[in-house]
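Source file: run.cif (mmCIF, C-alpha atoms; chains and numbers go by the auth columns)
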data_structure
#
loop_
_atom_site.group_PDB
_atom_site.id
_atom_site.type_symbol
_atom_site.label_atom_id
_atom_site.label_comp_id
_atom_site.label_asym_id
_atom_site.label_seq_id
_atom_site.Cartn_x
_atom_site.Cartn_y
_atom_site.Cartn_z
_atom_site.B_iso_or_equiv
_atom_site.auth_seq_id
_atom_site.auth_asym_id
ATOM 1 C CA ARG A 1 143.056 174.753 79.077 0.00 1089 A
ATOM 2 C CA VAL A 2 145.147 177.585 80.510 0.00 1090 A
ATOM 3 C CA GLU A 3 142.692 178.092 83.357 0.00 1091 A
ATOM 4 C CA GLU A 4 142.626 174.351 84.093 0.00 1092 A
ATOM 5 C CA ALA A 5 146.421 174.196 84.064 0.00 1093 A
ATOM 6 C CA GLU A 6 146.637 177.243 86.352 0.00 1094 A
ATOM 7 C CA LYS A 7 144.186 175.667 88.801 0.00 1095 A
ATOM 8 C CA ALA A 8 146.127 172.387 88.787 0.00 1096 A
ATOM 9 C CA PHE A 9 149.408 174.248 89.305 0.00 1097 A
ATOM 10 C CA LEU A 10 147.976 176.261 92.206 0.00 1098 A
ATOM 11 C CA LYS A 11 146.550 173.072 93.697 0.00 1099 A
ATOM 12 C CA PHE A 12 149.990 171.429 93.558 0.00 1100 A
ATOM 13 C CA MET A 13 151.545 174.498 95.188 0.00 1101 A
ATOM 14 C CA ALA A 14 148.942 174.446 97.977 0.00 1102 A
ATOM 15 C CA GLU A 15 149.507 170.728 98.524 0.00 1103 A
ATOM 16 C CA LYS A 16 153.258 171.375 98.767 0.00 1104 A
ATOM 17 C CA GLU A 17 152.694 174.075 101.392 0.00 1105 A
ATOM 18 C CA GLN A 18 150.398 171.736 103.303 0.00 1106 A
ATOM 19 C CA THR A 19 153.002 168.954 103.150 0.00 1107 A
ATOM 20 C CA GLN A 20 155.718 171.348 104.334 0.00 1108 A
ATOM 21 C CA ALA A 21 153.548 172.383 107.281 0.00 1109 A
ATOM 22 C CA LEU A 22 152.922 168.727 108.126 0.00 1110 A
ATOM 23 C CA LEU A 23 156.653 168.037 107.922 0.00 1111 A
ATOM 24 C CA GLN A 24 157.378 170.927 110.298 0.00 1112 A
ATOM 25 C CA GLU A 25 154.723 169.611 112.677 0.00 1113 A
ATOM 26 C CA LYS A 26 156.229 166.110 112.621 0.00 1114 A
ATOM 27 C CA ARG A 27 159.689 167.552 113.303 0.00 1115 A
ATOM 28 C CA GLU A 28 158.283 169.240 116.401 0.00 1116 A
ATOM 29 C CA VAL A 29 156.691 165.939 117.428 0.00 1117 A
ATOM 30 C CA LEU A 30 160.102 164.293 116.962 0.00 1118 A
ATOM 31 C CA ARG A 31 161.724 166.856 119.269 0.00 1119 A
ATOM 32 C CA GLN A 32 159.082 166.119 121.878 0.00 1120 A
ATOM 33 C CA ALA A 33 159.557 162.369 121.402 0.00 1121 A
ATOM 34 C CA TYR A 34 163.305 162.708 121.930 0.00 1122 A
ATOM 35 C CA ALA A 35 162.659 164.711 125.100 0.00 1123 A
ATOM 36 C CA LYS A 36 160.256 162.042 126.377 0.00 1124 A
ATOM 37 C CA LEU A 37 162.778 159.339 125.510 0.00 1125 A
ATOM 38 C CA GLU A 38 165.497 161.133 127.437 0.00 1126 A
ATOM 39 C CA SER A 39 163.158 161.543 130.403 0.00 1127 A
ATOM 40 C CA ALA A 40 162.160 157.865 130.239 0.00 1128 A
ATOM 41 C CA GLU A 41 165.802 156.781 130.092 0.00 1129 A
ATOM 42 C CA VAL A 42 166.613 158.882 133.174 0.00 1130 A
ATOM 43 C CA GLU A 43 163.618 157.432 135.025 0.00 1131 A
ATOM 44 C CA GLU A 44 164.617 153.902 133.994 0.00 1132 A
ATOM 45 C CA ASP A 45 168.171 154.477 135.187 0.00 1133 A
ATOM 46 C CA LEU A 46 166.924 155.738 138.551 0.00 1134 A
ATOM 47 C CA ALA A 47 164.439 152.865 138.848 0.00 1135 A
ATOM 48 C CA GLN A 48 167.192 150.361 138.023 0.00 1136 A
ATOM 49 C CA LYS A 49 169.454 151.806 140.753 0.00 1137 A
ATOM 50 C CA GLU A 50 166.590 151.677 143.224 0.00 1138 A
ATOM 51 C CA GLU A 51 165.798 148.100 142.231 0.00 1139 A
ATOM 52 C CA ARG A 52 169.440 147.080 142.801 0.00 1140 A
ATOM 53 C CA ARG A 53 169.516 148.780 146.204 0.00 1141 A
ATOM 54 C CA TYR A 54 166.277 147.160 147.254 0.00 1142 A
ATOM 55 C CA ALA A 55 167.428 143.774 145.928 0.00 1143 A
ATOM 56 C CA THR A 56 170.469 144.003 148.194 0.00 1144 A
ATOM 57 C CA LEU A 57 168.297 145.048 151.143 0.00 1145 A
ATOM 58 C CA TYR A 58 165.844 142.230 150.412 0.00 1146 A
ATOM 59 C CA LYS A 59 168.619 139.650 150.322 0.00 1147 A
ATOM 60 C CA GLN A 60 169.725 140.900 153.732 0.00 1148 A
ATOM 61 C CA ASP A 61 166.134 140.617 155.003 0.00 1149 A
ATOM 62 C CA LEU A 62 166.008 144.338 155.804 0.00 1150 A
ATOM 63 C CA ILE A 63 162.844 145.010 153.740 0.00 1151 A
ATOM 64 C CA SER A 64 159.745 143.024 153.011 0.00 1152 A
ATOM 65 C CA LYS A 65 159.017 141.135 149.814 0.00 1153 A
ATOM 66 C CA SER A 66 156.154 143.558 149.139 0.00 1154 A
ATOM 67 C CA GLN A 67 158.483 146.578 149.226 0.00 1155 A
ATOM 68 C CA TYR A 68 160.937 144.867 146.884 0.00 1156 A
ATOM 69 C CA ASP A 69 158.150 143.829 144.507 0.00 1157 A
ATOM 70 C CA HIS A 70 156.855 147.410 144.435 0.00 1158 A
ATOM 71 C CA ILE A 71 160.280 148.834 143.492 0.00 1159 A
ATOM 72 C CA SER A 72 160.880 146.003 141.017 0.00 1160 A
ATOM 73 C CA SER A 73 157.574 146.723 139.281 0.00 1161 A
ATOM 74 C CA GLN A 74 158.452 150.429 139.115 0.00 1162 A
ATOM 75 C CA PHE A 75 161.676 149.472 137.328 0.00 1163 A
ATOM 76 C CA LEU A 76 159.758 147.304 134.845 0.00 1164 A
ATOM 77 C CA VAL A 77 157.285 150.130 134.204 0.00 1165 A
ATOM 78 C CA ALA A 78 160.152 152.574 133.624 0.00 1166 A
ATOM 79 C CA LYS A 79 161.780 150.087 131.241 0.00 1167 A
ATOM 80 C CA ALA A 80 158.508 149.726 129.321 0.00 1168 A
ATOM 81 C CA ASN A 81 158.113 153.509 129.182 0.00 1169 A
ATOM 82 C CA THR A 82 161.598 153.769 127.663 0.00 1170 A
ATOM 83 C CA LYS A 83 160.735 151.172 125.009 0.00 1171 A
ATOM 84 C CA SER A 84 157.500 153.019 124.289 0.00 1172 A
ATOM 85 C CA ALA A 85 159.370 156.307 123.910 0.00 1173 A
ATOM 86 C CA GLU A 86 161.888 154.631 121.583 0.00 1174 A
ATOM 87 C CA ALA A 87 159.035 153.280 119.487 0.00 1175 A
ATOM 88 C CA THR A 88 157.471 156.743 119.322 0.00 1176 A
ATOM 89 C CA VAL A 89 160.778 158.207 118.133 0.00 1177 A
ATOM 90 C CA SER A 90 161.142 155.482 115.483 0.00 1178 A
ATOM 91 C CA GLU A 91 157.559 155.949 114.323 0.00 1179 A
ATOM 92 C CA THR A 92 157.997 159.712 114.064 0.00 1180 A
ATOM 93 C CA ILE A 93 161.241 159.344 112.111 0.00 1181 A
ATOM 94 C CA ALA A 94 159.472 156.992 109.695 0.00 1182 A
ATOM 95 C CA ALA A 95 156.612 159.477 109.329 0.00 1183 A
ATOM 96 C CA ILE A 96 159.091 162.280 108.598 0.00 1184 A
ATOM 97 C CA LYS A 97 160.803 160.185 105.906 0.00 1185 A
ATOM 98 C CA SER A 98 157.422 159.421 104.369 0.00 1186 A
ATOM 99 C CA ILE A 99 156.453 163.097 104.356 0.00 1187 A
ATOM 100 C CA GLU A 100 159.824 164.054 102.857 0.00 1188 A
ATOM 101 C CA SER A 101 159.246 161.594 100.003 0.00 1189 A
ATOM 102 C CA GLN A 102 155.744 163.035 99.542 0.00 1190 A
ATOM 103 C CA LEU A 103 157.341 166.470 99.358 0.00 1191 A
ATOM 104 C CA LYS A 104 159.722 165.306 96.620 0.00 1192 A
ATOM 105 C CA THR A 105 156.785 163.803 94.724 0.00 1193 A
ATOM 106 C CA GLN A 106 154.894 167.055 95.165 0.00 1194 A
ATOM 107 C CA GLU A 107 157.827 169.030 93.742 0.00 1195 A
ATOM 108 C CA LEU A 108 157.793 166.776 90.683 0.00 1196 A
ATOM 109 C CA LYS A 109 154.052 167.354 90.307 0.00 1197 A
ATOM 110 C CA ILE A 110 154.685 171.096 90.501 0.00 1198 A
ATOM 111 C CA GLU A 111 157.276 170.843 87.733 0.00 1199 A
ATOM 112 C CA GLU A 112 154.826 168.836 85.602 0.00 1200 A
ATOM 113 C CA GLY A 113 152.075 171.348 86.346 0.00 1201 A
ATOM 114 C CA LYS A 114 154.351 174.238 85.383 0.00 1202 A
ATOM 115 C CA ALA A 115 155.260 172.512 82.126 0.00 1203 A
ATOM 116 C CA ALA A 116 151.576 171.850 81.365 0.00 1204 A
ATOM 117 C CA LEU A 117 150.751 175.484 82.163 0.00 1205 A
ATOM 118 C CA ASP A 118 153.542 176.744 79.907 0.00 1206 A
ATOM 119 C CA LEU A 119 152.361 174.461 77.095 0.00 1207 A
ATOM 120 C CA ALA A 120 148.761 175.618 77.520 0.00 1208 A
ATOM 121 C CA ARG A 121 149.876 179.264 77.414 0.00 1209 A
ATOM 122 C CA LEU A 122 151.936 178.576 74.296 0.00 1210 A
ATOM 123 C CA ASP A 123 148.951 176.871 72.655 0.00 1211 A
ATOM 124 C CA LEU A 124 146.807 179.887 73.566 0.00 1212 A
ATOM 125 C CA GLU A 125 149.332 182.229 71.995 0.00 1213 A
ATOM 126 C CA ARG A 126 149.271 180.128 68.841 0.00 1214 A
ATOM 127 C CA THR A 127 145.512 180.604 68.490 0.00 1215 A
ATOM 128 C CA GLN A 128 146.141 184.257 67.658 0.00 1216 A
ATOM 129 C CA ILE A 129 146.936 184.439 63.964 0.00 1217 A
ATOM 130 C CA SER A 130 148.587 187.645 62.893 0.00 1218 A
ATOM 131 C CA ALA A 131 149.774 188.586 59.450 0.00 1219 A
ATOM 132 C CA PRO A 132 153.389 189.633 59.045 0.00 1220 A
ATOM 133 C CA ILE A 133 152.318 192.491 56.732 0.00 1221 A
ATOM 134 C CA ALA A 134 149.200 194.390 55.751 0.00 1222 A
ATOM 135 C CA GLY A 135 147.867 193.455 52.348 0.00 1223 A
ATOM 136 C CA ARG A 136 145.377 191.478 50.289 0.00 1224 A
ATOM 137 C CA ILE A 137 144.679 187.745 50.414 0.00 1225 A
ATOM 138 C CA ALA A 138 145.787 185.718 47.424 0.00 1226 A
ATOM 139 C CA LYS A 139 145.753 181.943 46.828 0.00 1227 A
ATOM 140 C CA LYS A 140 143.187 181.134 49.486 0.00 1228 A
ATOM 141 C CA ASN A 141 143.460 177.434 50.443 0.00 1229 A
ATOM 142 C CA VAL A 142 140.860 177.348 53.194 0.00 1230 A
ATOM 143 C CA ASP A 143 137.075 177.412 53.314 0.00 1231 A
ATOM 144 C CA PRO A 144 134.633 177.513 56.225 0.00 1232 A
ATOM 145 C CA GLY A 145 134.243 174.057 57.771 0.00 1233 A
ATOM 146 C CA LYS A 146 137.590 172.723 56.592 0.00 1234 A
ATOM 147 C CA TYR A 147 139.991 171.260 59.108 0.00 1235 A
ATOM 148 C CA VAL A 148 143.538 172.601 59.116 0.00 1236 A
ATOM 149 C CA GLN A 149 146.735 171.225 60.569 0.00 1237 A
ATOM 150 C CA PRO A 150 149.297 173.225 62.544 0.00 1238 A
ATOM 151 C CA GLY A 151 151.753 174.807 60.130 0.00 1239 A
ATOM 152 C CA GLN A 152 149.502 174.341 57.084 0.00 1240 A
ATOM 153 C CA PRO A 153 149.542 177.443 54.830 0.00 1241 A
ATOM 154 C CA LEU A 154 146.014 178.826 54.510 0.00 1242 A
ATOM 155 C CA PHE A 155 146.582 181.665 52.063 0.00 1243 A
ATOM 156 C CA ALA A 156 149.149 184.068 50.742 0.00 1244 A
ATOM 157 C CA ILE A 157 149.201 187.780 51.454 0.00 1245 A
ATOM 158 C CA VAL A 158 150.216 190.313 48.839 0.00 1246 A
ATOM 159 C CA ASP A 159 151.692 193.555 50.137 0.00 1247 A
ATOM 160 C CA GLU A 160 149.583 196.483 48.832 0.00 1248 A
ATOM 161 C CA LYS A 161 152.586 198.810 48.789 0.00 1249 A
ATOM 162 C CA ASP A 162 154.706 196.581 46.616 0.00 1250 A
ATOM 163 C CA ILE A 163 152.387 195.320 43.865 0.00 1251 A
ATOM 164 C CA TRP A 164 153.895 193.643 40.850 0.00 1252 A
ATOM 165 C CA ILE A 165 152.579 191.536 38.049 0.00 1253 A
ATOM 166 C CA THR A 166 154.105 188.518 36.415 0.00 1254 A
ATOM 167 C CA ALA A 167 153.425 188.532 32.707 0.00 1255 A
ATOM 168 C CA ASN A 168 154.350 186.233 29.870 0.00 1256 A
ATOM 169 C CA PHE A 169 154.821 188.332 26.745 0.00 1257 A
ATOM 170 C CA LYS A 170 154.690 186.497 23.427 0.00 1258 A
#
Please render this file's structure as structure tokens.
Amino acid sequence: RVEEAEKAFLKFMAEKEQTQALLQEKREVLRQAYAKLESAEVEEDLAQKEERRYATLYKQDLISKSQYDHISSQFLVAKANTKSAEATVSETIAAIKSIESQLKTQELKIEEGKAALDLARLDLERTQISAPIAGRIAKKNVDPGKYVQPGQPLFAIVDEKDIWITANFK
């Protein structure tokens, strides 16, 4: 049981390390997503300014409808790219929160595994029966094949150095 508990504990520790690495990776992805969002917002702002300029020029009949449509579509593409970048940021934040909750769950599993390991070690220690003194067995209450309960006295030990006899003189 100790070996099984140790393996389970080590497994939980490895899973925690793996989850921490995944969390770090997602945080890097979030940094990249924020950078892409900032870039998309700048491109959208520029495309919007261009679209306004070209709209004014189109109203004055200084450019063709085709040129205006081209700039207008660039603005719409930039706007869509910004929304896509925002969605990526939101998705990454959600993934980070999910991984953080997994990490908390993993820490609880580690605590449970540690408790199980400690209990298994304690049970192993309790399988070693040692006598408090050296001596002879008296009042034996156990035979081969009998089941015993924890804490049940099996026999008494008489110290060989301090032998005494109880007698009833009549």
Margin query: Which residues are close to range 1206-1219 of chain A, i.e. within 9 Å by all atoms listed in the file, leaving aside same-chain residues fewer than 2 positions away? Reply as an NGL selection string.
Written below: :A and (1089-1091 or 1093 or 1201-1204 or 1221-1223 or 1245)
Compile a residue-level contact table for range 1121-1165 of chain A against range 1178-1192 of chain A at a cut-off of 12 Å, reporting for every qualifying residue the shortest atom pair and its distance in Å to one decimal, with only C-alpha atoms counted, rows ordered by chain and ascending number, as a tab-separated table.
residue	atom	partner	partner_atom	distance
A:Ala1121	CA	A:Thr1180	CA	8.0
A:Tyr1122	CA	A:Ser1178	CA	9.9
A:Leu1125	CA	A:Ser1178	CA	10.9
May I have the residues from that selection written out with C-alpha atoms, as a PDB file, keeping the file's coordinate frame?
ATOM      1  CA  ALA A1121     159.557 162.369 121.402  1.00  0.00           C
ATOM      2  CA  TYR A1122     163.305 162.708 121.930  1.00  0.00           C
ATOM      3  CA  LEU A1125     162.778 159.339 125.510  1.00  0.00           C
TER       4      LEU A1125
END
Check: Residues around (149.4, 194.0, 50.9), cut-off 10 Å, counting all atoms listed in the file - what are they as a VMD selection string?
Finding: chain A and resid 1221 to 1226 1244 to 1251
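One distance worth recording is that between CA of Val1236 in chain A and CA of Glu1094 in chain A, which is 27.8 Å.
The closest residue to Gln1194 in chain A, picked from A:Gln1120, A:Glu1103, A:Glu1092, A:Phe1097 and counting only C-alpha atoms, is A:Glu1103.
Of the residues under consideration (A:Leu1196, A:Leu1134, A:Val1117, A:Ala1102), A:Leu1134 shows the shortest atom-to-atom contact distance to Val1165 in chain A when counting only C-alpha atoms.
The closest residue to Ala1123 in chain A, picked from A:Thr1170, A:Gln1162, A:Ser1152, A:Gln1240 and counting all atoms listed in the file, is A:Thr1170.
Here CA of Thr1144 in chain A is placed at a distance of 27.4 Å from CA of Glu1126 in chain A.
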